[in-house]
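S.K.: Just my_file-v5.cif, nothing more (mmCIF, C-alpha atoms):
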```cif
data_query
loop_
_atom_site.label_atom_id
_atom_site.label_comp_id
_atom_site.auth_asym_id
_atom_site.auth_seq_id
_atom_site.Cartn_x
_atom_site.Cartn_y
_atom_site.Cartn_z
CA MET A 625 -6.96 -27.18 34.79
CA PRO A 626 -7.94 -29.56 37.64
CA TYR A 627 -11.54 -29.63 36.42
CA PHE A 628 -10.38 -30.53 32.92
CA LEU A 629 -8.25 -33.37 34.31
CA VAL A 630 -11.22 -34.74 36.25
CA ILE A 631 -13.31 -34.80 33.06
CA LEU A 632 -10.45 -36.26 31.03
CA ALA A 633 -9.91 -38.95 33.67
CA TYR A 634 -13.56 -40.02 33.40
CA PHE A 635 -13.31 -40.43 29.62
CA ILE A 636 -10.02 -42.35 29.94
CA GLY A 637 -11.65 -44.60 32.53
CA SER A 638 -14.57 -45.20 30.17
CA ILE A 639 -12.30 -47.00 27.67
CA SER A 640 -12.82 -50.74 28.22
CA ALA A 641 -9.55 -52.66 28.10
CA ALA A 642 -11.46 -55.95 28.28
CA ILE A 643 -13.74 -55.29 25.33
CA ILE A 644 -11.01 -53.80 23.14
CA THR A 645 -8.49 -56.55 23.97
CA CYS A 646 -10.94 -59.36 23.27
CA LYS A 647 -12.03 -57.76 20.00
CA ILE A 648 -8.45 -57.30 18.78
CA MET A 649 -7.49 -60.86 19.80
CA GLY A 650 -10.64 -62.37 18.28
CA LYS A 651 -11.94 -63.59 21.64
CA VAL A 652 -15.50 -63.70 22.92
CA ASP A 653 -16.98 -60.43 24.20
CA PRO A 654 -16.71 -60.73 28.01
CA ARG A 655 -20.10 -59.02 28.40
CA THR A 656 -21.77 -62.06 26.82
CA VAL A 657 -20.29 -64.88 28.92
CA GLY A 658 -19.70 -65.91 32.52
CA SER A 659 -20.33 -63.06 34.96
CA HIS A 660 -20.83 -60.68 31.98
CA ASN A 661 -18.29 -58.42 33.69
CA PRO A 662 -15.76 -56.68 31.38
CA GLY A 663 -12.88 -57.27 33.75
CA ALA A 664 -9.68 -59.32 33.93
CA THR A 665 -11.13 -62.22 35.94
CA ASN A 666 -13.97 -62.90 33.50
CA VAL A 667 -11.59 -62.44 30.56
CA LEU A 668 -9.20 -64.96 32.12
CA ARG A 669 -11.93 -67.57 32.43
CA HIS A 670 -13.26 -67.18 28.90
CA ALA A 671 -10.49 -65.70 26.74
CA GLY A 672 -7.27 -66.94 28.32
CA LYS A 673 -4.24 -65.64 30.19
CA LYS A 674 -2.81 -63.33 27.53
CA ALA A 675 -6.08 -61.46 27.08
CA ALA A 676 -6.48 -61.23 30.85
CA ILE A 677 -2.99 -59.78 31.30
CA PHE A 678 -3.60 -57.09 28.67
CA THR A 679 -6.98 -56.33 30.26
CA LEU A 680 -5.44 -56.05 33.72
CA LEU A 681 -2.68 -53.74 32.53
CA GLY A 682 -5.11 -51.59 30.57
CA ASP A 683 -7.48 -51.22 33.50
CA LEU A 684 -4.61 -50.42 35.83
CA LEU A 685 -3.17 -47.76 33.51
CA LYS A 686 -6.57 -46.06 33.24
CA GLY A 687 -6.32 -45.23 36.92
CA LEU A 688 -2.60 -44.55 37.04
CA ILE A 689 -2.11 -42.21 34.06
CA PRO A 690 -4.63 -39.46 34.97
CA VAL A 691 -3.34 -39.31 38.55
CA ALA A 692 0.26 -39.20 37.31
CA ILE A 693 -0.67 -36.25 35.09
CA GLY A 694 -2.20 -34.57 38.13
CA HIS A 695 1.08 -35.01 40.01
CA THR A 696 2.93 -33.15 37.25
CA GLN A 697 0.60 -30.20 37.82
CA GLY A 698 1.43 -30.05 41.51
CA LEU A 699 -2.14 -30.74 42.62
CA ASP A 700 -2.94 -31.51 46.26
CA TRP A 701 -4.16 -34.87 47.57
CA GLY A 702 -7.81 -33.88 47.36
CA TRP A 703 -7.63 -33.06 43.65
CA LEU A 704 -5.54 -36.13 42.92
CA GLY A 705 -8.13 -38.26 44.69
CA MET A 706 -10.92 -36.66 42.66
CA ILE A 707 -9.06 -37.31 39.41
CA GLY A 708 -8.49 -40.92 40.38
CA THR A 709 -12.11 -41.37 41.38
CA ALA A 710 -13.26 -39.93 38.05
CA ALA A 711 -11.19 -42.54 36.18
CA PHE A 712 -12.53 -45.22 38.51
CA LEU A 713 -16.15 -44.15 37.92
CA GLY A 714 -15.48 -44.10 34.20
CA HIS A 715 -14.57 -47.79 34.44
CA LEU A 716 -17.70 -48.57 36.46
CA TYR A 717 -20.05 -46.42 34.37
CA PRO A 718 -18.41 -45.95 30.94
CA VAL A 719 -20.02 -43.40 28.67
CA PHE A 720 -18.90 -45.41 25.62
CA TYR A 721 -20.68 -48.62 26.68
CA GLY A 722 -24.08 -47.54 27.97
CA PHE A 723 -22.71 -46.86 31.47
CA LYS A 724 -22.28 -50.61 32.06
CA GLY A 725 -18.72 -51.35 33.12
CA GLY A 726 -16.60 -53.49 35.40
CA LYS A 727 -16.17 -53.74 39.15
CA GLY A 728 -13.22 -51.40 39.41
CA VAL A 729 -10.57 -53.23 41.42
CA ALA A 730 -7.75 -53.05 38.84
CA THR A 731 -8.49 -49.42 38.04
CA ALA A 732 -8.58 -48.60 41.75
CA LEU A 733 -5.16 -50.25 42.11
CA GLY A 734 -3.89 -48.05 39.29
CA VAL A 735 -5.20 -45.02 41.18
CA TYR A 736 -3.44 -46.17 44.35
CA ILE A 737 -0.14 -46.63 42.53
CA GLY A 738 -0.54 -43.26 40.82
CA LEU A 739 -1.19 -41.55 44.12
CA GLN A 740 1.77 -43.07 45.95
CA PRO A 741 3.60 -46.07 44.42
CA ILE A 742 4.84 -47.51 47.73
CA VAL A 743 1.39 -47.42 49.31
CA GLY A 744 -0.08 -48.85 46.11
CA LEU A 745 2.41 -51.70 46.38
CA VAL A 746 1.34 -52.30 49.99
CA VAL A 747 -2.28 -52.56 48.83
CA LEU A 748 -1.23 -55.08 46.17
CA ILE A 749 0.74 -57.08 48.76
CA THR A 750 -2.34 -57.05 51.00
CA TRP A 751 -4.35 -58.54 48.14
CA LEU A 752 -1.69 -61.17 47.41
CA ILE A 753 -1.40 -62.28 51.04
CA SER A 754 -5.18 -62.44 51.37
CA ALA A 755 -5.41 -64.39 48.11
CA LEU A 756 -2.84 -66.92 49.31
CA LEU A 757 -4.65 -67.39 52.61
CA ILE A 758 -8.26 -67.27 51.43
CA ASN A 759 -8.00 -68.40 47.77
CA ILE A 760 -10.89 -66.14 46.75
CA SER A 761 -10.03 -63.23 44.44
CA SER A 762 -13.08 -61.08 45.21
CA PHE A 763 -12.74 -61.51 48.98
CA SER A 764 -9.05 -60.57 48.78
CA ALA A 765 -9.91 -57.48 46.75
CA LEU A 766 -12.55 -56.44 49.27
CA ILE A 767 -10.05 -56.71 52.11
CA ALA A 768 -7.33 -54.77 50.25
CA THR A 769 -9.62 -51.97 49.10
CA LEU A 770 -11.13 -51.61 52.58
CA LEU A 771 -7.68 -51.10 54.10
CA ALA A 772 -6.31 -48.90 51.29
CA PRO A 773 -7.87 -45.58 52.43
CA PHE A 774 -6.37 -46.02 55.89
CA TYR A 775 -2.95 -46.86 54.47
CA PHE A 776 -3.05 -43.59 52.53
CA TYR A 777 -4.29 -41.59 55.50
CA TRP A 778 -1.41 -42.93 57.61
CA VAL A 779 1.10 -41.79 54.96
CA THR A 780 -0.47 -38.53 53.75
CA GLY A 781 -2.57 -37.38 56.69
CA SER A 782 -5.08 -36.04 54.14
CA THR A 783 -8.69 -36.22 55.34
CA PRO A 784 -10.12 -35.28 51.89
CA LEU A 785 -8.15 -38.13 50.31
CA LEU A 786 -9.32 -40.53 53.02
CA LEU A 787 -12.96 -39.65 52.37
CA ILE A 788 -12.58 -39.88 48.60
CA LEU A 789 -10.90 -43.30 48.79
CA LEU A 790 -13.56 -44.52 51.24
CA LEU A 791 -16.15 -43.50 48.65
CA MET A 792 -14.32 -45.62 46.07
CA THR A 793 -14.39 -48.53 48.52
CA VAL A 794 -18.16 -48.14 48.94
CA PHE A 795 -18.59 -48.33 45.16
CA ILE A 796 -16.37 -51.42 44.99
CA TYR A 797 -18.41 -53.15 47.69
CA TRP A 798 -21.63 -52.20 45.91
CA ARG A 799 -20.39 -53.60 42.61
CA HIS A 800 -19.31 -56.78 44.41
CA ARG A 801 -22.63 -57.32 46.22
CA SER A 802 -23.34 -60.54 44.31
CA ASN A 803 -19.83 -61.78 45.16
CA ILE A 804 -20.39 -60.91 48.81
CA ALA A 805 -23.61 -62.94 48.81
CA GLU A 806 -21.77 -65.90 47.28
CA ILE A 807 -18.90 -65.56 49.77
CA ILE A 808 -21.43 -65.72 52.62
CA ALA A 809 -23.12 -68.70 50.99
CA GLY A 810 -19.77 -70.41 50.41
CA THR A 811 -20.29 -70.64 46.65
CA GLU A 812 -17.86 -67.95 45.42
CA ASP A 813 -15.31 -69.16 42.84
CA LYS A 814 -11.84 -70.01 44.08
CA ILE A 815 -8.68 -68.65 42.50
CA VAL A 816 -7.32 -72.18 42.15
CA GLU A 817 -9.84 -74.95 41.63
CA ARG A 818 -8.63 -78.50 42.02
CA ASN A 819 -9.45 -80.85 39.16
CA SER A 820 -10.68 -77.93 37.07
CA LYS A 821 -9.97 -77.22 33.42
CA THR A 822 -8.24 -73.99 32.48
CA THR A 823 -8.85 -71.94 29.36
CA LYS A 824 -5.97 -72.05 26.92
CA ASP A 825 -4.97 -69.39 24.38
#
```
Written as C-alpha coordinates, that's how I'd like the structure from this file.
M.R.:
Amino acid sequence: MPYFLVILAYFIGSISAAIITCKIMGKVDPRTVGSHNPGATNVLRHAGKKAAIFTLLGDLLKGLIPVAIGHTQGLDWGWLGMIGTAAFLGHLYPVFYGFKGGKGVATALGVYIGLQPIVGLVVLITWLISALLINISSFSALIATLLAPFYFYWVTGSTPLLLILLLMTVFIYWRHRSNIAEIIAGTEDKIVERNSKTTKD
(Lines of atoms letter the chains of each structure in order from A and count residues from 1; the text may use other names and numbers.)
(Lines give C-alpha, C1' and ligand atoms only; values in the text may rest on other atoms or scores of the structure.)
Protein backbone atom coordinates (compact mmCIF):
# COMPACT_ATOMS: atom_id res chain seq x y z
CA MET A 1 0.00 0.00 0.00
CA PRO A 2 2.70 2.62 0.80
CA TYR A 3 4.40 1.96 -2.54
CA PHE A 4 1.11 2.48 -4.36
CA LEU A 5 0.57 5.79 -2.53
CA VAL A 6 4.05 6.97 -3.52
CA ILE A 7 3.28 6.24 -7.19
CA LEU A 8 -0.18 7.79 -6.94
CA ALA A 9 1.29 10.89 -5.31
CA TYR A 10 3.69 11.35 -8.23
CA PHE A 11 0.86 11.22 -10.76
CA ILE A 12 -1.26 13.63 -8.69
CA GLY A 13 1.72 15.99 -8.50
CA SER A 14 2.13 15.78 -12.27
CA ILE A 15 -1.24 17.50 -12.82
CA SER A 16 -0.49 21.16 -13.59
CA ALA A 17 -2.91 23.50 -11.84
CA ALA A 18 -1.43 26.46 -13.73
CA ILE A 19 -1.88 25.02 -17.20
CA ILE A 20 -5.36 23.64 -16.53
CA THR A 21 -6.57 26.83 -14.80
CA CYS A 22 -5.33 29.11 -17.57
CA LYS A 23 -6.85 26.88 -20.25
CA ILE A 24 -10.25 26.78 -18.54
CA MET A 25 -10.22 30.56 -17.93
CA GLY A 26 -9.06 31.33 -21.46
CA LYS A 27 -5.77 32.84 -20.29
CA VAL A 28 -2.34 32.61 -21.87
CA ASP A 29 -0.38 29.40 -21.31
CA PRO A 30 2.11 30.30 -18.54
CA ARG A 31 4.79 28.19 -20.23
CA THR A 32 4.87 30.67 -23.13
CA VAL A 33 5.28 33.97 -21.25
CA GLY A 34 7.40 35.61 -18.57
CA SER A 35 9.56 33.10 -16.70
CA HIS A 36 7.83 30.25 -18.60
CA ASN A 37 7.23 28.67 -15.19
CA PRO A 38 3.81 27.00 -14.68
CA GLY A 39 3.43 28.37 -11.18
CA ALA A 40 1.28 30.87 -9.30
CA THR A 41 3.72 33.80 -9.52
CA ASN A 42 4.02 33.66 -13.30
CA VAL A 43 0.26 33.13 -13.62
CA LEU A 44 -0.35 36.18 -11.42
CA ARG A 45 1.81 38.37 -13.64
CA HIS A 46 0.27 37.26 -16.92
CA ALA A 47 -3.21 35.89 -16.20
CA GLY A 48 -4.40 37.82 -13.15
CA LYS A 49 -5.23 37.28 -9.50
CA LYS A 50 -8.11 34.83 -9.87
CA ALA A 51 -6.10 32.46 -12.03
CA ALA A 52 -3.17 32.75 -9.64
CA ILE A 53 -5.33 31.91 -6.61
CA PHE A 54 -6.74 28.79 -8.29
CA THR A 55 -3.22 27.79 -9.35
CA LEU A 56 -1.88 28.27 -5.83
CA LEU A 57 -4.67 26.24 -4.27
CA GLY A 58 -4.32 23.48 -6.84
CA ASP A 59 -0.57 23.22 -6.36
CA LEU A 60 -0.98 23.22 -2.59
CA LEU A 61 -3.63 20.48 -2.66
CA LYS A 62 -1.39 18.27 -4.82
CA GLY A 63 1.01 18.06 -1.91
CA LEU A 64 -1.54 17.96 0.87
CA ILE A 65 -3.98 15.29 -0.36
CA PRO A 66 -1.55 12.38 -0.88
CA VAL A 67 0.05 12.97 2.53
CA ALA A 68 -3.37 13.20 4.16
CA ILE A 69 -4.27 9.84 2.61
CA GLY A 70 -1.04 8.44 4.02
CA HIS A 71 -2.05 9.64 7.49
CA THR A 72 -5.31 7.68 7.24
CA GLN A 73 -3.25 4.53 6.66
CA GLY A 74 -1.24 5.08 9.82
CA LEU A 75 2.08 5.38 8.00
CA ASP A 76 5.21 6.57 9.80
CA TRP A 77 6.99 9.88 9.16
CA GLY A 78 9.43 8.34 6.72
CA TRP A 79 6.70 6.99 4.45
CA LEU A 80 4.70 10.19 4.73
CA GLY A 81 7.78 12.16 3.72
CA MET A 82 8.34 9.88 0.73
CA ILE A 83 4.73 10.29 -0.39
CA GLY A 84 4.99 14.05 -0.09
CA THR A 85 8.28 14.10 -1.98
CA ALA A 86 6.75 12.02 -4.78
CA ALA A 87 3.96 14.59 -5.20
CA PHE A 88 6.55 17.37 -5.08
CA LEU A 89 8.71 15.70 -7.75
CA GLY A 90 5.61 15.19 -9.86
CA HIS A 91 5.14 18.96 -9.85
CA LEU A 92 8.78 19.56 -10.77
CA TYR A 93 8.98 16.79 -13.37
CA PRO A 94 5.40 16.06 -14.53
CA VAL A 95 4.95 12.98 -16.67
CA PHE A 96 2.01 14.65 -18.45
CA TYR A 97 4.01 17.68 -19.62
CA GLY A 98 7.34 16.32 -20.83
CA PHE A 99 8.83 16.39 -17.32
CA LYS A 100 8.93 20.20 -17.41
CA GLY A 101 7.15 21.62 -14.38
CA GLY A 102 7.24 24.37 -11.80
CA LYS A 103 9.57 25.25 -8.95
CA GLY A 104 7.66 23.44 -6.24
CA VAL A 105 7.18 25.93 -3.41
CA ALA A 106 3.37 25.78 -3.22
CA THR A 107 3.34 21.99 -3.52
CA ALA A 108 6.01 21.75 -0.83
CA LEU A 109 3.84 23.93 1.42
CA GLY A 110 0.95 21.53 0.80
CA VAL A 111 3.21 18.66 1.86
CA TYR A 112 4.19 20.53 5.03
CA ILE A 113 0.57 21.20 5.94
CA GLY A 114 -0.35 17.59 5.18
CA LEU A 115 2.44 16.31 7.40
CA GLN A 116 1.62 18.52 10.38
CA PRO A 117 -0.76 21.49 9.94
CA ILE A 118 0.68 23.58 12.78
CA VAL A 119 4.25 23.23 11.52
CA GLY A 120 3.04 23.92 7.99
CA LEU A 121 1.46 27.12 9.29
CA VAL A 122 4.75 28.09 10.92
CA VAL A 123 6.51 27.63 7.57
CA LEU A 124 3.89 29.84 5.92
CA ILE A 125 4.31 32.49 8.64
CA THR A 126 8.07 32.34 8.09
CA TRP A 127 7.49 33.06 4.40
CA LEU A 128 5.08 35.91 5.16
CA ILE A 129 7.42 37.59 7.65
CA SER A 130 10.34 37.24 5.24
CA ALA A 131 8.22 38.62 2.41
CA LEU A 132 7.23 41.66 4.47
CA LEU A 133 10.83 42.35 5.42
CA ILE A 134 12.57 41.51 2.14
CA ASN A 135 9.81 42.10 -0.47
CA ILE A 136 11.15 39.30 -2.68
CA SER A 137 8.92 36.24 -3.06
CA SER A 138 11.62 33.80 -4.18
CA PHE A 139 14.04 34.85 -1.41
CA SER A 140 11.27 34.45 1.18
CA ALA A 141 10.46 30.99 -0.16
CA LEU A 142 14.11 29.97 -0.01
CA ILE A 143 14.33 31.04 3.63
CA ALA A 144 11.10 29.26 4.62
CA THR A 145 11.92 26.01 2.84
CA LEU A 146 15.44 25.97 4.30
CA LEU A 147 14.06 26.20 7.83
CA ALA A 148 11.11 23.83 7.29
CA PRO A 149 13.03 20.53 7.71
CA PHE A 150 14.39 21.70 11.05
CA TYR A 151 10.97 22.82 12.24
CA PHE A 152 9.68 19.31 11.52
CA TYR A 153 12.64 17.63 13.15
CA TRP A 154 12.09 19.69 16.31
CA VAL A 155 8.44 18.54 16.45
CA THR A 156 8.71 14.94 15.21
CA GLY A 157 12.27 13.95 16.06
CA SER A 158 12.26 11.88 12.85
CA THR A 159 15.67 11.70 11.16
CA PRO A 160 14.26 10.05 7.99
CA LEU A 161 11.75 12.89 7.63
CA LEU A 162 14.48 15.47 8.20
CA LEU A 163 16.62 13.97 5.43
CA ILE A 164 13.69 13.68 3.03
CA LEU A 165 12.63 17.29 3.58
CA LEU A 166 16.23 18.47 3.20
CA LEU A 167 16.26 16.70 -0.16
CA MET A 168 13.13 18.64 -1.14
CA THR A 169 14.90 21.84 -0.11
CA VAL A 170 17.88 20.97 -2.33
CA PHE A 171 15.53 20.52 -5.29
CA ILE A 172 13.82 23.84 -4.54
CA TYR A 173 17.17 25.65 -4.43
CA TRP A 174 18.21 23.96 -7.68
CA ARG A 175 15.00 25.01 -9.41
CA HIS A 176 15.50 28.56 -8.10
CA ARG A 177 19.13 28.86 -9.25
CA SER A 178 18.29 31.61 -11.74
CA ASN A 179 16.39 33.48 -9.01
CA ILE A 180 19.36 33.10 -6.67
CA ALA A 181 21.64 34.60 -9.31
CA GLU A 182 19.25 37.54 -9.74
CA ILE A 183 18.97 38.01 -5.97
CA ILE A 184 22.77 38.22 -5.75
CA ALA A 185 22.81 40.64 -8.69
CA GLY A 186 20.03 42.72 -7.15
CA THR A 187 17.75 42.29 -10.16
CA GLU A 188 15.16 39.84 -8.78
CA ASP A 189 11.53 41.00 -9.07
CA LYS A 190 9.94 42.54 -6.00
CA ILE A 191 6.58 41.44 -4.64
CA VAL A 192 5.36 45.04 -4.70
CA GLU A 193 6.78 47.29 -7.39
CA ARG A 194 6.19 51.00 -7.04
CA ASN A 195 4.76 52.74 -10.08
CA SER A 196 4.17 49.38 -11.76
CA LYS A 197 1.10 48.24 -13.65
CA THR A 198 -0.79 45.20 -12.43
CA THR A 199 -2.55 42.63 -14.58
CA LYS A 200 -6.31 42.80 -14.31
CA ASP A 201 -8.80 39.96 -14.83
S.K.: Apply the PyMOL selection byres ((chain A and resi 738) around 9) to the displayed file and report the matching residues as a count of residues only.
M.R.: 19
S.K.: So that each row is one residue of stretch 673-735 of chain A with an atom at most 9 Å from stretch 634-652 of chain A, can you give its shortest atom pair and the distance in Å to one decimal, using all atoms listed in the file, rows by chain and rising number, as JSON lines?
M.R.:
```
{"residue": "A:Ala675", "atom": "CA", "partner": "A:Thr645", "partner_atom": "CA", "distance": 6.3}
{"residue": "A:Ala676", "atom": "CA", "partner": "A:Ala642", "partner_atom": "CA", "distance": 7.7}
{"residue": "A:Phe678", "atom": "CA", "partner": "A:Thr645", "partner_atom": "CA", "distance": 6.8}
{"residue": "A:Thr679", "atom": "CA", "partner": "A:Ala642", "partner_atom": "CA", "distance": 4.9}
{"residue": "A:Leu680", "atom": "CA", "partner": "A:Ala641", "partner_atom": "CA", "distance": 7.7}
{"residue": "A:Leu681", "atom": "CA", "partner": "A:Ala641", "partner_atom": "CA", "distance": 8.2}
{"residue": "A:Gly682", "atom": "CA", "partner": "A:Ala641", "partner_atom": "CA", "distance": 5.2}
{"residue": "A:Asp683", "atom": "CA", "partner": "A:Ala641", "partner_atom": "CA", "distance": 6.0}
{"residue": "A:Lys686", "atom": "CA", "partner": "A:Gly637", "partner_atom": "CA", "distance": 5.3}
{"residue": "A:Gly687", "atom": "CA", "partner": "A:Gly637", "partner_atom": "CA", "distance": 6.9}
{"residue": "A:Ile689", "atom": "CA", "partner": "A:Ile636", "partner_atom": "CA", "distance": 8.9}
{"residue": "A:Pro690", "atom": "CA", "partner": "A:Ile636", "partner_atom": "CA", "distance": 7.9}
{"residue": "A:Ile707", "atom": "CA", "partner": "A:Tyr634", "partner_atom": "CA", "distance": 8.0}
{"residue": "A:Gly708", "atom": "CA", "partner": "A:Tyr634", "partner_atom": "CA", "distance": 8.7}
{"residue": "A:Thr709", "atom": "CA", "partner": "A:Tyr634", "partner_atom": "CA", "distance": 8.2}
{"residue": "A:Ala710", "atom": "CA", "partner": "A:Tyr634", "partner_atom": "CA", "distance": 4.7}
{"residue": "A:Ala711", "atom": "CA", "partner": "A:Gly637", "partner_atom": "CA", "distance": 4.2}
{"residue": "A:Phe712", "atom": "CA", "partner": "A:Gly637", "partner_atom": "CA", "distance": 6.1}
{"residue": "A:Leu713", "atom": "CA", "partner": "A:Tyr634", "partner_atom": "CA", "distance": 6.6}
{"residue": "A:Gly714", "atom": "CA", "partner": "A:Gly637", "partner_atom": "CA", "distance": 4.2}
{"residue": "A:His715", "atom": "CA", "partner": "A:Gly637", "partner_atom": "CA", "distance": 4.7}
{"residue": "A:Leu716", "atom": "CA", "partner": "A:Ser638", "partner_atom": "CA", "distance": 7.8}
{"residue": "A:Tyr717", "atom": "CA", "partner": "A:Ser638", "partner_atom": "CA", "distance": 7.0}
{"residue": "A:Pro718", "atom": "CA", "partner": "A:Ser638", "partner_atom": "CA", "distance": 4.0}
{"residue": "A:Val719", "atom": "CA", "partner": "A:Ser638", "partner_atom": "CA", "distance": 5.9}
{"residue": "A:Phe720", "atom": "CA", "partner": "A:Ser638", "partner_atom": "CA", "distance": 6.3}
{"residue": "A:Tyr721", "atom": "CA", "partner": "A:Ser638", "partner_atom": "CA", "distance": 7.8}
{"residue": "A:Phe723", "atom": "CA", "partner": "A:Ser638", "partner_atom": "CA", "distance": 8.4}
{"residue": "A:Gly725", "atom": "CA", "partner": "A:Ser640", "partner_atom": "CA", "distance": 7.7}
{"residue": "A:Gly726", "atom": "CA", "partner": "A:Ser640", "partner_atom": "CA", "distance": 8.6}
{"residue": "A:Thr731", "atom": "CA", "partner": "A:Gly637", "partner_atom": "CA", "distance": 8.0}
```
S.K.: Go through A:Ala755, A:Thr750, A:Ser782, A:Trp703 and flag the residue nearest A:Thr769, using only C-alpha atoms for the distances.
M.R.: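 Using only C-alpha atoms, the shortest distance to A:Thr769 belongs to A:Thr750.
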S.K.: Work out how far atom CA of A:Ile788 is from atom CA of A:Leu699, in Å to one decimal.
M.R.: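 These atoms are spaced 15.1 Å apart.
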S.K.: Residue by residue, what does the PyMOL selection byres ((chain A and resi 799-804) around 10) grab here? Present the result as a ChimeraX atom specification.
M.R.: /A:716,725-729,761-763,765-766,793-798,805-813
S.K.: Translate the PyMOL selection byres ((chain A and resi 772) around 9), as applied to the file shown, into an explicit residue set as a PyMOL selection string.
M.R.: chain A and resi 736+743-744+746-747+767-771+773-777+789-790+793
S.K.: Which distance in Å separates atom CA of A:Ile815 and atom CA of A:Gly672, to one decimal?
M.R.: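 Separating atom CA of A:Ile815 from atom CA of A:Gly672 is a distance of 14.4 Å.
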S.K.: Between A:Ala730, A:Leu791, A:Gly694, A:Val816, which one has atoms that come closest to A:Tyr627, using all atoms listed in the file?
M.R.: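 Checking each of A:Ala730, A:Leu791, A:Gly694, A:Val816 against A:Tyr627, counting all atoms listed in the file, the winner is A:Gly694.
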S.K.: Grab the atom CA of A:Ile677 to atom CA of A:Thr665 distance for me, in Å with one decimal place.
M.R.: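 Result for atom CA of A:Ile677 versus atom CA of A:Thr665: 9.7 Å, one decimal.
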S.K.: Between A:Leu757, A:Leu786, A:Asp700, A:Asp653, which one has atoms that come closest to A:Leu668, using all atoms listed in the file?
M.R.: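 Counting all atoms listed in the file, the residue closest to A:Leu668 is A:Asp653.
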S.K.: Considering all atoms listed in the file, can you say which of A:Leu756, A:Thr780, A:Lys724, A:Ile693 comes closest to A:Ala633?
M.R.: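 Between A:Leu756, A:Thr780, A:Lys724, A:Ile693, the residue approaching A:Ala633 most closely is A:Ile693.
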S.K.: Would you compute the box with edges along x, y and z of the file around stretch 760-773 of chain A, including every atom the file lists for it and 4 Å extra on each side, and give its centre and edge lengths in Å to one decimal, as lines of an AutoDock Vina configuration file?
M.R.:
```
center_x = -9.7
center_y = -55.9
center_z = 49.3
size_x = 14.8
size_y = 28.6
size_z = 17.7
```
S.K.: Out of A:Met706, A:Ala732, A:Leu745, A:Ile753, which residue has the shortest atom-to-atom distance to A:Leu787 when counting only C-alpha atoms?
M.R.: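 Checking each candidate against A:Leu787, we get A:Met706 as the closest.
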